[in-house]
file query18.cif (mmCIF, C-alpha atoms)
data_structure
loop_
_atom_site.label_atom_id
_atom_site.label_comp_id
_atom_site.auth_asym_id
_atom_site.auth_seq_id
_atom_site.Cartn_x
_atom_site.Cartn_y
_atom_site.Cartn_z
CA MET A 317 -98.49 -41.78 42.17
CA ALA A 318 -101.70 -39.82 42.13
CA LYS A 319 -99.78 -36.78 40.90
CA GLN A 320 -98.53 -38.69 37.89
CA TYR A 321 -102.05 -39.72 36.93
CA LYS A 322 -103.29 -36.18 37.44
CA ALA A 323 -100.63 -34.91 35.06
CA ALA A 324 -101.37 -37.65 32.54
CA GLY A 325 -105.08 -36.88 32.63
CA GLU A 326 -104.59 -33.16 32.23
CA GLU A 327 -102.12 -33.65 29.41
CA ALA A 328 -104.50 -35.97 27.62
CA TRP A 329 -107.42 -33.56 28.01
CA LYS A 330 -105.38 -30.60 26.84
CA ASN A 331 -103.60 -32.13 23.88
CA ASN A 332 -104.85 -35.54 22.87
CA VAL A 333 -108.58 -35.25 22.92
CA GLU A 334 -110.97 -33.71 20.42
CA LYS A 335 -113.72 -31.79 22.08
CA VAL A 336 -117.40 -31.19 21.55
CA ASN A 337 -119.99 -28.88 23.04
CA ALA A 338 -120.75 -30.19 26.53
CA GLU A 339 -124.38 -29.19 26.54
CA LEU A 340 -125.04 -31.06 23.32
CA PHE A 341 -123.67 -34.15 25.05
CA ILE A 342 -125.63 -33.54 28.22
CA PHE A 343 -128.93 -33.00 26.39
CA THR A 344 -128.30 -36.06 24.23
CA TYR A 345 -127.83 -38.20 27.32
CA GLY A 346 -130.99 -36.76 28.83
CA SER A 347 -132.87 -37.50 25.65
CA LEU A 348 -131.68 -41.09 25.85
CA VAL A 349 -132.87 -41.51 29.43
CA VAL A 350 -136.27 -40.10 28.48
CA GLN A 351 -136.42 -42.58 25.61
CA LEU A 352 -135.56 -45.46 27.93
CA MET A 353 -138.18 -44.38 30.44
CA ARG A 354 -140.75 -44.41 27.66
CA ASP A 355 -139.61 -47.77 26.31
CA TYR A 356 -139.40 -49.60 29.62
CA GLU A 357 -141.57 -47.59 32.03
CA ASP A 358 -139.84 -49.39 34.88
CA CYS A 359 -136.90 -47.73 36.61
CA ALA A 360 -135.13 -50.96 37.48
CA ALA A 361 -135.19 -51.94 33.82
CA VAL A 362 -133.92 -48.51 32.79
CA ASN A 363 -131.10 -48.78 35.32
CA ALA A 364 -130.17 -52.17 33.90
CA GLN A 365 -130.25 -50.93 30.34
CA LEU A 366 -128.13 -47.89 31.17
CA ASP A 367 -125.63 -50.16 32.87
CA LYS A 368 -125.54 -52.46 29.87
CA MET A 369 -125.03 -49.60 27.45
CA GLY A 370 -122.33 -48.23 29.70
CA TYR A 371 -120.62 -51.59 29.70
CA ASN A 372 -120.58 -51.67 25.90
CA ILE A 373 -119.06 -48.21 25.92
CA GLY A 374 -116.57 -49.09 28.65
CA VAL A 375 -115.01 -52.02 26.85
CA ARG A 376 -114.15 -49.79 23.89
CA LEU A 377 -113.19 -46.86 26.05
CA ALA A 378 -110.31 -48.69 27.73
CA ASP A 379 -108.52 -49.07 24.40
CA ASP A 380 -109.09 -45.41 23.65
CA ILE A 381 -107.46 -44.39 26.92
CA LEU A 382 -104.47 -46.63 26.38
CA ALA A 383 -104.07 -45.30 22.87
CA ARG A 384 -104.11 -41.66 23.93
CA THR A 385 -101.96 -41.82 27.01
CA SER A 386 -98.75 -43.53 27.87
CA LEU A 387 -100.15 -45.20 30.95
CA GLU A 388 -98.50 -48.35 32.09
CA ARG A 389 -100.14 -51.29 33.71
CA CYS A 390 -101.47 -50.40 37.15
CA ALA A 391 -99.75 -52.17 39.99
CA ASP A 392 -102.79 -52.56 42.20
CA LEU A 393 -106.35 -51.45 42.75
CA HIS A 394 -105.24 -48.23 44.41
CA ALA A 395 -103.40 -47.21 41.27
CA THR A 396 -106.27 -48.34 39.09
CA ALA A 397 -108.72 -46.24 41.07
CA GLU A 398 -106.55 -43.17 40.67
CA ALA A 399 -106.21 -43.84 36.94
CA VAL A 400 -109.96 -44.20 36.51
CA ALA A 401 -110.63 -40.96 38.34
CA LYS A 402 -107.77 -38.75 37.21
CA VAL A 403 -107.29 -40.02 33.68
CA GLY A 404 -110.46 -41.78 32.57
CA PHE A 405 -113.03 -39.34 33.89
CA LYS A 406 -110.80 -36.38 33.11
CA MET A 407 -110.21 -37.35 29.50
CA PHE A 408 -113.82 -37.91 28.68
CA LEU A 409 -115.88 -35.70 30.94
CA ASN A 410 -113.29 -33.21 32.16
CA VAL A 411 -114.17 -33.88 35.77
CA VAL A 412 -112.19 -35.71 38.40
CA PRO A 413 -114.10 -37.65 41.04
CA ALA A 414 -112.45 -38.10 44.41
CA VAL A 415 -111.31 -41.61 45.31
CA VAL A 416 -112.54 -42.24 48.85
CA GLY A 417 -113.98 -44.84 51.16
CA TRP A 418 -111.43 -47.63 50.82
CA SER A 419 -112.48 -50.84 52.48
CA ALA A 420 -110.16 -52.46 54.98
CA ASP A 421 -109.20 -55.19 52.53
CA SER A 422 -108.52 -52.66 49.77
CA ARG A 423 -110.96 -54.35 47.45
CA GLU A 424 -113.62 -51.65 47.46
CA PHE A 425 -113.56 -47.92 46.95
CA SER A 426 -115.87 -45.08 46.04
CA LEU A 427 -115.76 -42.46 43.35
CA GLN A 428 -117.29 -39.33 44.75
CA LEU A 429 -118.55 -37.07 42.00
CA ASP A 430 -118.88 -33.55 43.31
CA ASP A 431 -119.54 -32.45 39.78
CA ASN A 432 -121.38 -34.72 37.37
CA PRO A 433 -121.92 -33.12 33.96
CA LEU A 434 -124.83 -35.42 33.23
CA ASN A 435 -126.77 -33.77 36.03
CA ASP A 436 -126.72 -30.30 34.53
CA PHE A 437 -130.24 -29.12 33.72
CA CYS A 438 -131.67 -32.31 35.13
CA GLU A 439 -134.39 -32.72 37.68
CA LEU A 440 -136.02 -36.06 38.35
CA PRO A 441 -139.77 -36.30 38.69
CA PRO A 442 -140.74 -37.58 42.16
CA ARG A 443 -141.98 -40.80 40.63
CA ALA A 444 -138.55 -41.58 39.24
CA VAL A 445 -136.90 -40.87 42.57
CA GLN A 446 -139.42 -43.07 44.33
CA ASP A 447 -138.99 -45.94 41.89
CA GLY A 448 -135.24 -45.90 42.26
CA LEU A 449 -133.89 -44.45 39.03
CA TRP A 450 -130.14 -43.92 39.00
CA TYR A 451 -129.98 -41.31 36.26
CA SER A 452 -126.27 -41.58 35.54
CA ASN A 453 -126.12 -45.34 35.80
CA VAL A 454 -124.37 -45.47 32.46
CA LEU A 455 -121.23 -44.38 34.32
CA CYS A 456 -121.33 -47.55 36.40
CA GLY A 457 -121.43 -49.67 33.27
CA VAL A 458 -118.59 -47.71 31.72
CA VAL A 459 -116.35 -48.24 34.74
CA ARG A 460 -117.25 -51.92 34.91
CA GLY A 461 -116.59 -52.44 31.19
CA ALA A 462 -113.32 -50.56 31.19
CA LEU A 463 -112.04 -52.42 34.24
CA GLU A 464 -112.96 -55.70 32.66
CA MET A 465 -110.69 -54.84 29.75
CA LEU A 466 -108.00 -54.38 32.37
CA HIS A 467 -108.70 -57.92 33.56
CA MET A 468 -110.70 -57.01 36.61
CA GLN A 469 -114.16 -58.29 37.27
CA THR A 470 -115.96 -55.70 39.32
CA GLU A 471 -119.31 -54.71 40.65
CA VAL A 472 -120.07 -51.05 40.23
CA TRP A 473 -123.13 -49.35 41.57
CA PHE A 474 -124.52 -45.99 42.60
CA VAL A 475 -124.76 -45.37 46.31
CA ARG A 476 -125.86 -41.75 46.43
CA ASP A 477 -127.00 -39.25 43.84
CA VAL A 478 -127.64 -35.52 44.14
CA LEU A 479 -130.57 -35.93 41.77
CA ARG A 480 -132.27 -37.95 44.47
CA GLY A 481 -131.60 -35.30 47.07
CA ASP A 482 -128.38 -36.74 48.52
CA ASP A 483 -125.46 -34.48 49.38
CA ALA A 484 -123.17 -35.91 46.76
CA SER A 485 -123.06 -38.49 44.03
CA GLU A 486 -121.11 -41.60 44.87
CA ILE A 487 -120.29 -44.67 42.82
CA ARG A 488 -119.01 -47.75 44.64
CA VAL A 489 -116.57 -50.13 42.98
CA ARG A 490 -115.85 -53.60 44.31
CA LEU A 491 -113.22 -55.90 42.92
CA VAL A 492 -114.71 -59.37 42.58
CA ARG A 493 -111.69 -61.11 41.09
CA MET A 494 -108.85 -60.73 38.67
CA LEU A 495 -109.45 -62.25 35.26
CA ASP A 496 -106.69 -64.29 33.71
CA GLU A 497 -108.48 -65.96 30.83
CA GLU A 498 -109.75 -64.36 27.69
CA VAL A 499 -112.37 -61.74 28.33
CA PRO A 500 -115.84 -62.63 27.07
CA ALA A 501 -117.39 -60.54 24.29
CA GLY A 502 -119.49 -57.59 25.32
CA ASP A 503 -123.16 -58.33 25.92
CA ASP A 504 -125.79 -57.16 23.51
CA MET B 1338 -144.89 -44.79 57.55
CA GLN B 1339 -145.52 -44.51 53.83
CA ALA B 1340 -146.60 -40.88 54.07
CA SER B 1341 -143.60 -39.82 56.10
CA ASN B 1342 -141.24 -41.49 53.65
CA LEU B 1343 -142.85 -39.63 50.81
CA LEU B 1344 -142.55 -36.39 52.72
CA LYS B 1345 -138.88 -37.07 53.32
CA LEU B 1346 -138.34 -37.72 49.63
CA ASP B 1347 -140.19 -34.53 48.82
CA THR B 1348 -137.99 -32.27 50.90
CA ARG B 1349 -134.84 -33.86 49.55
CA ALA B 1350 -136.06 -33.54 46.01
CA SER B 1351 -137.08 -29.95 46.50
CA LYS B 1352 -133.60 -29.22 47.80
CA ARG B 1353 -132.41 -30.31 44.40
CA SER B 1354 -135.04 -28.14 42.69
CA ASN B 1355 -133.97 -25.07 44.59
CA MET B 1356 -130.36 -25.70 43.78
CA LEU B 1357 -131.20 -26.14 40.12
CA LEU B 1358 -133.32 -23.01 39.91
CA GLU B 1359 -130.60 -20.90 41.51
CA GLN B 1360 -128.03 -21.82 38.91
CA SER B 1361 -127.37 -19.16 36.37
CA LEU B 1362 -127.97 -20.03 32.76
CA ALA B 1363 -126.23 -16.98 31.40
CA LYS B 1364 -122.98 -18.69 30.69
CA PRO B 1365 -122.47 -22.37 30.07
CA ARG B 1366 -121.32 -23.99 33.29
CA ARG B 1367 -118.97 -26.13 31.35
CA ASP B 1368 -117.63 -25.76 27.91
CA LYS B 1369 -116.62 -29.08 26.48
CA VAL B 1370 -116.54 -32.79 26.89
CA SER B 1371 -114.51 -35.11 24.75
CA LEU B 1372 -115.76 -35.92 21.29
CA GLY B 1373 -115.03 -39.51 22.18
CA ALA B 1374 -117.56 -39.37 25.00
CA PHE B 1375 -120.22 -38.12 22.60
CA ALA B 1376 -119.26 -40.56 19.87
CA PHE B 1377 -119.35 -43.57 22.20
CA LEU B 1378 -122.71 -42.47 23.58
CA PHE B 1379 -124.15 -41.77 20.15
CA ALA B 1380 -122.97 -45.08 18.74
CA GLU B 1381 -124.57 -46.90 21.63
CA ILE B 1382 -127.80 -44.94 21.17
CA ILE B 1383 -127.86 -46.03 17.53
CA ARG B 1384 -127.15 -49.61 18.51
CA TYR B 1385 -129.94 -49.54 21.11
CA SER B 1386 -132.42 -48.01 18.67
CA GLN B 1387 -131.49 -50.47 15.97
CA ASN B 1388 -132.70 -53.34 18.10
CA ARG B 1389 -136.11 -51.78 18.46
CA VAL B 1390 -136.96 -50.78 14.92
CA LEU B 1391 -137.68 -52.55 11.67
CA GLY B 1392 -135.69 -50.80 9.05
CA ILE B 1393 -133.67 -47.75 8.22
CA GLN B 1394 -136.52 -45.25 8.00
CA ASP B 1395 -137.72 -46.23 11.44
CA LEU B 1396 -134.22 -45.91 12.81
CA GLU B 1397 -133.86 -42.45 11.34
CA ALA B 1398 -137.23 -41.51 12.79
CA LYS B 1399 -136.07 -42.63 16.24
CA LEU B 1400 -132.91 -40.58 15.98
CA ASN B 1401 -134.93 -37.64 14.77
CA GLU B 1402 -137.13 -37.93 17.84
CA LEU B 1403 -134.09 -38.03 20.11
CA GLY B 1404 -132.68 -35.01 18.34
CA LYS B 1405 -135.88 -33.03 18.73
CA ARG B 1406 -135.72 -33.24 22.51
CA VAL B 1407 -132.20 -31.89 22.32
CA GLY B 1408 -133.18 -29.19 19.83
CA VAL B 1409 -135.94 -27.81 22.04
CA ARG B 1410 -133.49 -27.24 24.85
CA VAL B 1411 -130.69 -25.93 22.69
CA PHE B 1412 -133.11 -23.42 21.21
CA GLU B 1413 -134.32 -22.22 24.61
CA LEU B 1414 -130.78 -21.78 25.86
CA LEU B 1415 -129.71 -19.88 22.78
CA MET B 1416 -132.68 -17.54 23.00
CA TRP B 1417 -131.79 -16.88 26.61
CA ARG B 1418 -128.09 -16.38 26.14
CA GLU B 1419 -127.33 -14.83 22.79
CA LYS B 1420 -127.25 -11.06 22.95
CA ASN B 1421 -127.95 -9.90 19.46
CA VAL B 1422 -130.59 -12.31 18.33
CA HIS B 1423 -134.30 -12.27 18.64
CA ARG B 1424 -136.56 -15.15 17.76
CA GLU B 1425 -136.99 -15.34 14.04
CA THR B 1426 -140.36 -16.20 12.62
CA ARG B 1427 -139.80 -16.20 8.89
CA VAL B 1428 -138.10 -18.81 6.77
CA LEU B 1429 -134.96 -17.10 5.51
CA PRO B 1430 -133.91 -15.42 8.76
CA THR B 1431 -134.61 -18.69 10.59
CA LEU B 1432 -132.35 -20.55 8.20
CA MET B 1433 -129.64 -17.93 8.60
CA PHE B 1434 -130.03 -18.23 12.36
CA ILE B 1435 -129.48 -21.97 12.20
CA ASN B 1436 -126.60 -21.69 9.77
CA THR B 1437 -124.72 -19.21 11.90
CA VAL B 1438 -125.82 -18.90 15.52
CA VAL B 1439 -126.91 -22.46 16.14
CA TRP B 1440 -124.09 -24.15 14.30
CA ARG B 1441 -121.52 -21.86 15.96
CA ALA B 1442 -122.91 -22.57 19.41
CA LEU B 1443 -122.94 -26.31 18.86
CA PHE B 1444 -119.93 -26.90 16.63
CA ASP B 1445 -117.73 -23.80 16.89
CA LYS B 1446 -118.16 -23.12 13.20
CA GLN B 1447 -120.82 -21.99 10.80
CA ALA B 1448 -122.56 -24.45 8.52
CA ASP B 1449 -120.85 -24.64 5.20
CA SER B 1450 -123.65 -23.59 2.94
CA LEU B 1451 -127.29 -22.74 2.73
CA GLY B 1452 -129.22 -23.50 -0.42
CA HIS B 1453 -132.65 -23.40 -1.94
CA SER B 1454 -133.91 -26.25 -4.05
CA THR B 1455 -134.40 -25.38 -7.69
CA GLU B 1456 -137.15 -27.93 -8.13
CA ASN B 1457 -139.25 -27.45 -5.03
CA ASP B 1458 -139.88 -24.02 -3.67
CA ASP B 1459 -140.53 -25.28 -0.15
CA GLU B 1460 -137.20 -27.09 0.18
CA TYR B 1461 -133.98 -25.69 1.57
CA MET B 1462 -130.65 -27.31 2.32
CA ILE B 1463 -128.07 -26.71 5.02
CA THR B 1464 -124.75 -28.36 4.30
CA ASP B 1465 -122.04 -29.37 6.70
CA ASN B 1466 -118.93 -30.76 5.07
CA GLU B 1467 -117.69 -32.54 8.14
CA PRO B 1468 -120.16 -32.78 11.02
CA SER B 1469 -117.95 -33.46 14.00
CA ILE B 1470 -120.52 -35.55 15.78
CA LEU B 1471 -120.64 -38.01 12.91
CA LYS B 1472 -116.91 -38.33 12.64
CA TYR B 1473 -116.53 -41.60 14.47
CA ILE B 1474 -119.76 -43.22 13.43
CA SER B 1475 -119.18 -45.80 10.74
CA VAL B 1476 -122.13 -47.12 8.79
CA PRO B 1477 -121.85 -50.71 7.57
CA LYS B 1478 -122.20 -51.22 3.83
CA GLU B 1479 -125.47 -53.08 4.11
CA MET B 1480 -127.03 -49.97 5.61
CA ALA B 1481 -125.57 -47.57 3.13
CA SER B 1482 -128.67 -45.41 2.90
CA PHE B 1483 -128.79 -44.82 6.64
CA SER B 1484 -127.85 -41.33 7.72
CA PRO B 1485 -126.94 -40.95 11.39
CA GLY B 1486 -127.32 -37.24 10.71
CA ALA B 1487 -131.01 -37.91 11.32
CA PHE B 1488 -130.21 -36.92 14.89
CA LEU B 1489 -129.02 -33.50 13.70
CA ALA B 1490 -132.10 -33.26 11.52
CA GLY B 1491 -134.20 -33.69 14.64
CA VAL B 1492 -132.32 -30.92 16.41
CA VAL B 1493 -132.93 -28.62 13.44
CA GLU B 1494 -136.56 -29.67 13.20
CA ALA B 1495 -137.18 -28.63 16.80
CA ILE B 1496 -135.53 -25.27 16.19
CA VAL B 1497 -137.51 -24.37 13.08
CA GLU B 1498 -140.62 -25.35 14.95
CA GLY B 1499 -139.57 -22.98 17.72
CA CYS B 1500 -139.30 -20.28 15.09
CA GLN B 1501 -142.83 -20.89 13.92
CA CYS B 1502 -141.65 -22.41 10.64
CA PRO B 1503 -142.42 -26.10 11.00
CA ALA B 1504 -140.75 -28.36 8.46
CA ARG B 1505 -140.05 -31.96 7.80
CA VAL B 1506 -136.29 -32.25 8.23
CA THR B 1507 -134.15 -35.10 6.99
CA SER B 1508 -130.47 -35.72 6.66
CA HIS B 1509 -128.61 -37.06 3.65
CA LEU B 1510 -125.05 -38.17 3.26
CA VAL B 1511 -123.58 -36.79 0.05
CA PRO B 1512 -119.91 -37.73 0.13
CA ALA B 1513 -117.73 -35.63 -2.11
CA ASP B 1514 -114.04 -35.42 -2.90
CA GLY B 1515 -112.12 -35.33 0.36
CA MET B 1516 -115.35 -34.95 2.28
CA PRO B 1517 -116.67 -38.43 3.00
CA LEU B 1518 -118.98 -37.18 5.72
CA LYS B 1519 -120.52 -34.29 3.84
CA THR B 1520 -124.09 -34.08 5.07
CA VAL B 1521 -127.04 -32.15 3.75
CA ILE B 1522 -129.86 -31.29 6.11
CA LEU B 1523 -132.95 -31.00 3.97
CA LEU B 1524 -135.83 -28.91 5.24
CA LYS B 1525 -139.23 -29.21 3.62
CA PHE B 1526 -141.38 -26.47 5.03
CA SER B 1527 -145.09 -26.96 5.68
CA GLN B 1528 -147.57 -25.38 3.39
CA GLU B 1529 -148.77 -22.76 5.84
CA VAL B 1530 -145.22 -21.52 6.26
CA MET B 1531 -144.73 -20.97 2.56
CA GLU B 1532 -147.78 -18.81 2.15
#
call {"tool": "encode", "arguments": {"input": "query18.cif", "output": "structure tokens"}}
result
Amino acid sequence: MAKQYKAAGEEAWKNNVEKVNAELFIFTYGSLVVQLMRDYEDCAAVNAQLDKMGYNIGVRLADDILARTSLERCADLHATAEAVAKVGFKMFLNVVPAVVGWSADSREFSLQLDDNPLNDFCELPPRAVQDGLWYSNVLCGVVRGALEMLHMQTEVWFVRDVLRGDDASEIRVRLVRMLDEEVPAGDD
Amino acid sequence: MQASNLLKLDTRASKRSNMLLEQSLAKPRRDKVSLGAFAFLFAEIIRYSQNRVLGIQDLEAKLNELGKRVGVRVFELLMWREKNVHRETRVLPTLMFINTVVWRALFDKQADSLGHSTENDDEYMITDNEPSILKYISVPKEMASFSPGAFLAGVVEAIVEGCQCPARVTSHLVPADGMPLKTVILLKFSQEVME
């Protein structure tokens, strides 16, 4: 099953996706985080704003993925996790996080990012590390938003980040519940 | 307790610093990301900025500011990497540098044209018929005079500043036949540069 997603992701990246200079993207994201730090001055608020922006992106991203690949509805959270890692991340950032750390009830897993493009060229000032900035928090929002479009309400949060001196970057995803009703509009 | 925690943070953070400083800048570590990733991010940046400004000029100024931070770093990297260029310090070579080297590095193509204003001697124009980063940004009719290219203008502004030719740089959408996204980056050089 994972192999099929890997192939789908690689196919999409190779043939169905327009590309742009990675460093332009990376610097633009960095510029945004700097702007947010200036506007809010409080890392918790910046984290929240990055998550919110990510969510807005995520809800539109899901459609983009479905349009560019021929993925079918995922049978369960295991399949969804593989799709997120091997198709979603691959198609947009050309990296594939490892899906690890499944909980016993199969409702939680981790995305381990051994390579996070957003981290290139980035070093956090000690103050930011101390105050708890999760630099790539936008990714959490994106995953949360995209999964919501797939009718899953989730909590997504950063557990470890190399920018804070940890060994690897790890995002944790927890399925809260399946959504049957109409999905609410994205928040502003 | 406090002090030891700070010390712990310091050694972990310096591990990151060492790792970062050891990385080679000579070649880009990664080549591309999807245009969709950039477009989604850029659209959200515009949306965020929109909620914090009062009007189109302010919004363009915000994007310009964001672009400048990018431009500073792009310029440094290019100076470090490109073999056959040295830092230009006069207007025309700087413009040629942007038209060719910078555009090629960022967009895999040269800018479409470079022009000099007939009315104002201190104004030059760089034209891009289809800036890829603006491709998926749609501007609502009620904001017709807004040019998201202001971000690009900021990038260019940082670069000309790096070349000792400071200018006020703005972006203007000039749609033409078959080129709805045609954008002109207008550079108005400071007085001291023109002398």
call {"tool": "interface_residues", "arguments": {"input": "query18.cif", "of": "chain B", "to": "chain A", "cutoff": "7 Å", "atoms": "all atoms listed in the file", "output": "list in words"}}
result
Arg1349, Ala1350, Lys1352, Arg1353, Ser1354, Arg1367, Asp1368, Lys1369, Val1370, Ser1371, Leu1372, Gly1373, Ala1374, Phe1375, Phe1377, Glu1381, Leu1403, Arg1406, Val1407, Leu1443 and Phe1444 of chain B
call {"tool": "closest_residue", "arguments": {"input": "query18.cif", "among": "A:Ala444, A:Ala401, A:Val475, A:Val492", "to": "Ala318 in chain A", "atoms": "all atoms listed in the file"}}
result
A:Ala401
call {"tool": "residues_near_point", "arguments": {"input": "query18.cif", "point": "(-101.9, -53.1, 43.7)", "cutoff": "12 Å", "atoms": "only C-alpha atoms", "output": "list in words"}}
result
Met317, Arg389, Cys390, Ala391, Asp392, Leu393, His394, Ala395, Thr396, Ala397, Glu398, Asp421, Ser422, Arg423, Met468, Leu491 and Met494 of chain A
call {"tool": "atom_distance", "arguments": {"input": "query18.cif", "atom1": "CA of Tyr321 in chain A", "atom2": "CA of Tyr1473 in chain B"}}
result
26.8 Å
call {"tool": "atom_distance", "arguments": {"input": "query18.cif", "atom1": "CA of Asp1395 in chain B", "atom2": "CA of Asn1466 in chain B"}}
result
25.2 Å
call {"tool": "resolve_selection", "arguments": {"input": "query18.cif", "expression": "the PyMOL selection byres ((chain A and resi 471) around 7)", "output": "list in words"}}
result
Arg460, Thr470, Val472, Trp473, Val489, Arg490, Leu491 and Val492 of chain A
call {"tool": "write_last_selection", "arguments": {"input": "query18.cif", "atoms": "C-alpha atoms", "output": "mmCIF file, in the coordinates of the input"}}
result
data_model
loop_
_atom_site.group_PDB
_atom_site.id
_atom_site.type_symbol
_atom_site.label_atom_id
_atom_site.label_comp_id
_atom_site.auth_asym_id
_atom_site.auth_seq_id
_atom_site.Cartn_x
_atom_site.Cartn_y
_atom_site.Cartn_z
ATOM 1 C CA ARG A 460 -117.250 -51.920 34.910
ATOM 2 C CA THR A 470 -115.960 -55.700 39.320
ATOM 3 C CA VAL A 472 -120.070 -51.050 40.230
ATOM 4 C CA TRP A 473 -123.130 -49.350 41.570
ATOM 5 C CA VAL A 489 -116.570 -50.130 42.980
ATOM 6 C CA ARG A 490 -115.850 -53.600 44.310
ATOM 7 C CA LEU A 491 -113.220 -55.900 42.920
ATOM 8 C CA VAL A 492 -114.710 -59.370 42.580
#
call {"tool": "atom_distance", "arguments": {"input": "query18.cif", "atom1": "CA of Tyr371 in chain A", "atom2": "CA of Leu455 in chain A"}}
result
8.6 Å
call {"tool": "residues_around", "arguments": {"input": "query18.cif", "residues": "Ser1484 in chain B", "least_positions_apart": "5", "cutoff": "12 Å", "atoms": "only C-alpha atoms", "output": "PyMOL selection string"}}
result
chain B and resi 1383+1393-1401+1468+1471+1474-1477+1489-1490+1507-1512+1518-1522
call {"tool": "write_last_selection", "arguments": {"input": "query18.cif", "atoms": "C-alpha atoms", "output": "compact mmCIF listing (two decimals), in the frame of the given file"}}
result
# COMPACT_ATOMS: atom_id res chain seq x y z
CA ILE B 1383 -127.86 -46.03 17.53
CA ILE B 1393 -133.67 -47.75 8.22
CA GLN B 1394 -136.52 -45.25 8.00
CA ASP B 1395 -137.72 -46.23 11.44
CA LEU B 1396 -134.22 -45.91 12.81
CA GLU B 1397 -133.86 -42.45 11.34
CA ALA B 1398 -137.23 -41.51 12.79
CA LYS B 1399 -136.07 -42.63 16.24
CA LEU B 1400 -132.91 -40.58 15.98
CA ASN B 1401 -134.93 -37.64 14.77
CA PRO B 1468 -120.16 -32.78 11.02
CA LEU B 1471 -120.64 -38.01 12.91
CA ILE B 1474 -119.76 -43.22 13.43
CA SER B 1475 -119.18 -45.80 10.74
CA VAL B 1476 -122.13 -47.12 8.79
CA PRO B 1477 -121.85 -50.71 7.57
CA LEU B 1489 -129.02 -33.50 13.70
CA ALA B 1490 -132.10 -33.26 11.52
CA THR B 1507 -134.15 -35.10 6.99
CA SER B 1508 -130.47 -35.72 6.66
CA HIS B 1509 -128.61 -37.06 3.65
CA LEU B 1510 -125.05 -38.17 3.26
CA VAL B 1511 -123.58 -36.79 0.05
CA PRO B 1512 -119.91 -37.73 0.13
CA LEU B 1518 -118.98 -37.18 5.72
CA LYS B 1519 -120.52 -34.29 3.84
CA THR B 1520 -124.09 -34.08 5.07
CA VAL B 1521 -127.04 -32.15 3.75
CA ILE B 1522 -129.86 -31.29 6.11
call {"tool": "residues_around", "arguments": {"input": "query18.cif", "residues": "Val1409 in chain B", "least_positions_apart": "5", "cutoff": "12 Å", "atoms": "all atoms listed in the file", "output": "PDB file with C-alpha atoms, keeping the file's coordinate frame"}}
result
ATOM      1  CA  LEU A 340    -125.040 -31.060  23.320  1.00  0.00           C
ATOM      2  CA  PHE A 343    -128.930 -33.000  26.390  1.00  0.00           C
ATOM      3  CA  THR A 344    -128.300 -36.060  24.230  1.00  0.00           C
ATOM      4  CA  SER A 347    -132.870 -37.500  25.650  1.00  0.00           C
TER       5      SER A 347
ATOM      6  CA  GLU B1402    -137.130 -37.930  17.840  1.00  0.00           C
ATOM      7  CA  LEU B1403    -134.090 -38.030  20.110  1.00  0.00           C
ATOM      8  CA  GLY B1404    -132.680 -35.010  18.340  1.00  0.00           C
ATOM      9  CA  LEU B1414    -130.780 -21.780  25.860  1.00  0.00           C
ATOM     10  CA  LEU B1415    -129.710 -19.880  22.780  1.00  0.00           C
ATOM     11  CA  MET B1416    -132.680 -17.540  23.000  1.00  0.00           C
ATOM     12  CA  GLY B1491    -134.200 -33.690  14.640  1.00  0.00           C
ATOM     13  CA  VAL B1492    -132.320 -30.920  16.410  1.00  0.00           C
ATOM     14  CA  VAL B1493    -132.930 -28.620  13.440  1.00  0.00           C
ATOM     15  CA  GLU B1494    -136.560 -29.670  13.200  1.00  0.00           C
ATOM     16  CA  ALA B1495    -137.180 -28.630  16.800  1.00  0.00           C
ATOM     17  CA  ILE B1496    -135.530 -25.270  16.190  1.00  0.00           C
ATOM     18  CA  VAL B1497    -137.510 -24.370  13.080  1.00  0.00           C
ATOM     19  CA  GLU B1498    -140.620 -25.350  14.950  1.00  0.00           C
ATOM     20  CA  GLY B1499    -139.570 -22.980  17.720  1.00  0.00           C
ATOM     21  CA  CYS B1500    -139.300 -20.280  15.090  1.00  0.00           C
TER      22      CYS B1500
END
call {"tool": "resolve_selection", "arguments": {"input": "query18.cif", "expression": "the PyMOL selection byres ((chain A and resi 495) around 7)", "output": "ChimeraX atom specification"}}
result
/A:467-469,493-494,496-497
call {"tool": "decode", "arguments": {"input": "query18.cif", "residues": "range 366-382 of chain A", "atoms": "C-alpha atoms", "output": "short mmCIF file (atom, residue, chain, number, x, y, z; two decimals), in the first residue's frame"}}
result
data_model
loop_
_atom_site.label_atom_id
_atom_site.label_comp_id
_atom_site.auth_asym_id
_atom_site.auth_seq_id
_atom_site.Cartn_x
_atom_site.Cartn_y
_atom_site.Cartn_z
CA LEU A 366 1.33 30.05 11.51
CA ASP A 367 -1.02 27.21 12.33
CA LYS A 368 -4.01 29.25 11.22
CA MET A 369 -2.36 30.23 7.96
CA GLY A 370 -1.38 26.62 7.41
CA TYR A 371 -4.96 25.57 7.98
CA ASN A 372 -6.19 28.00 5.32
CA ILE A 373 -3.62 26.59 2.94
CA GLY A 374 -4.42 22.99 3.86
CA VAL A 375 -8.11 23.19 3.05
CA ARG A 376 -7.31 24.29 -0.49
CA LEU A 377 -4.37 21.95 -0.83
CA ALA A 378 -6.48 18.81 -0.44
CA ASP A 379 -8.42 19.64 -3.59
CA ASP A 380 -5.20 20.30 -5.44
CA ILE A 381 -3.86 16.87 -4.52
CA LEU A 382 -7.04 15.12 -5.55
#
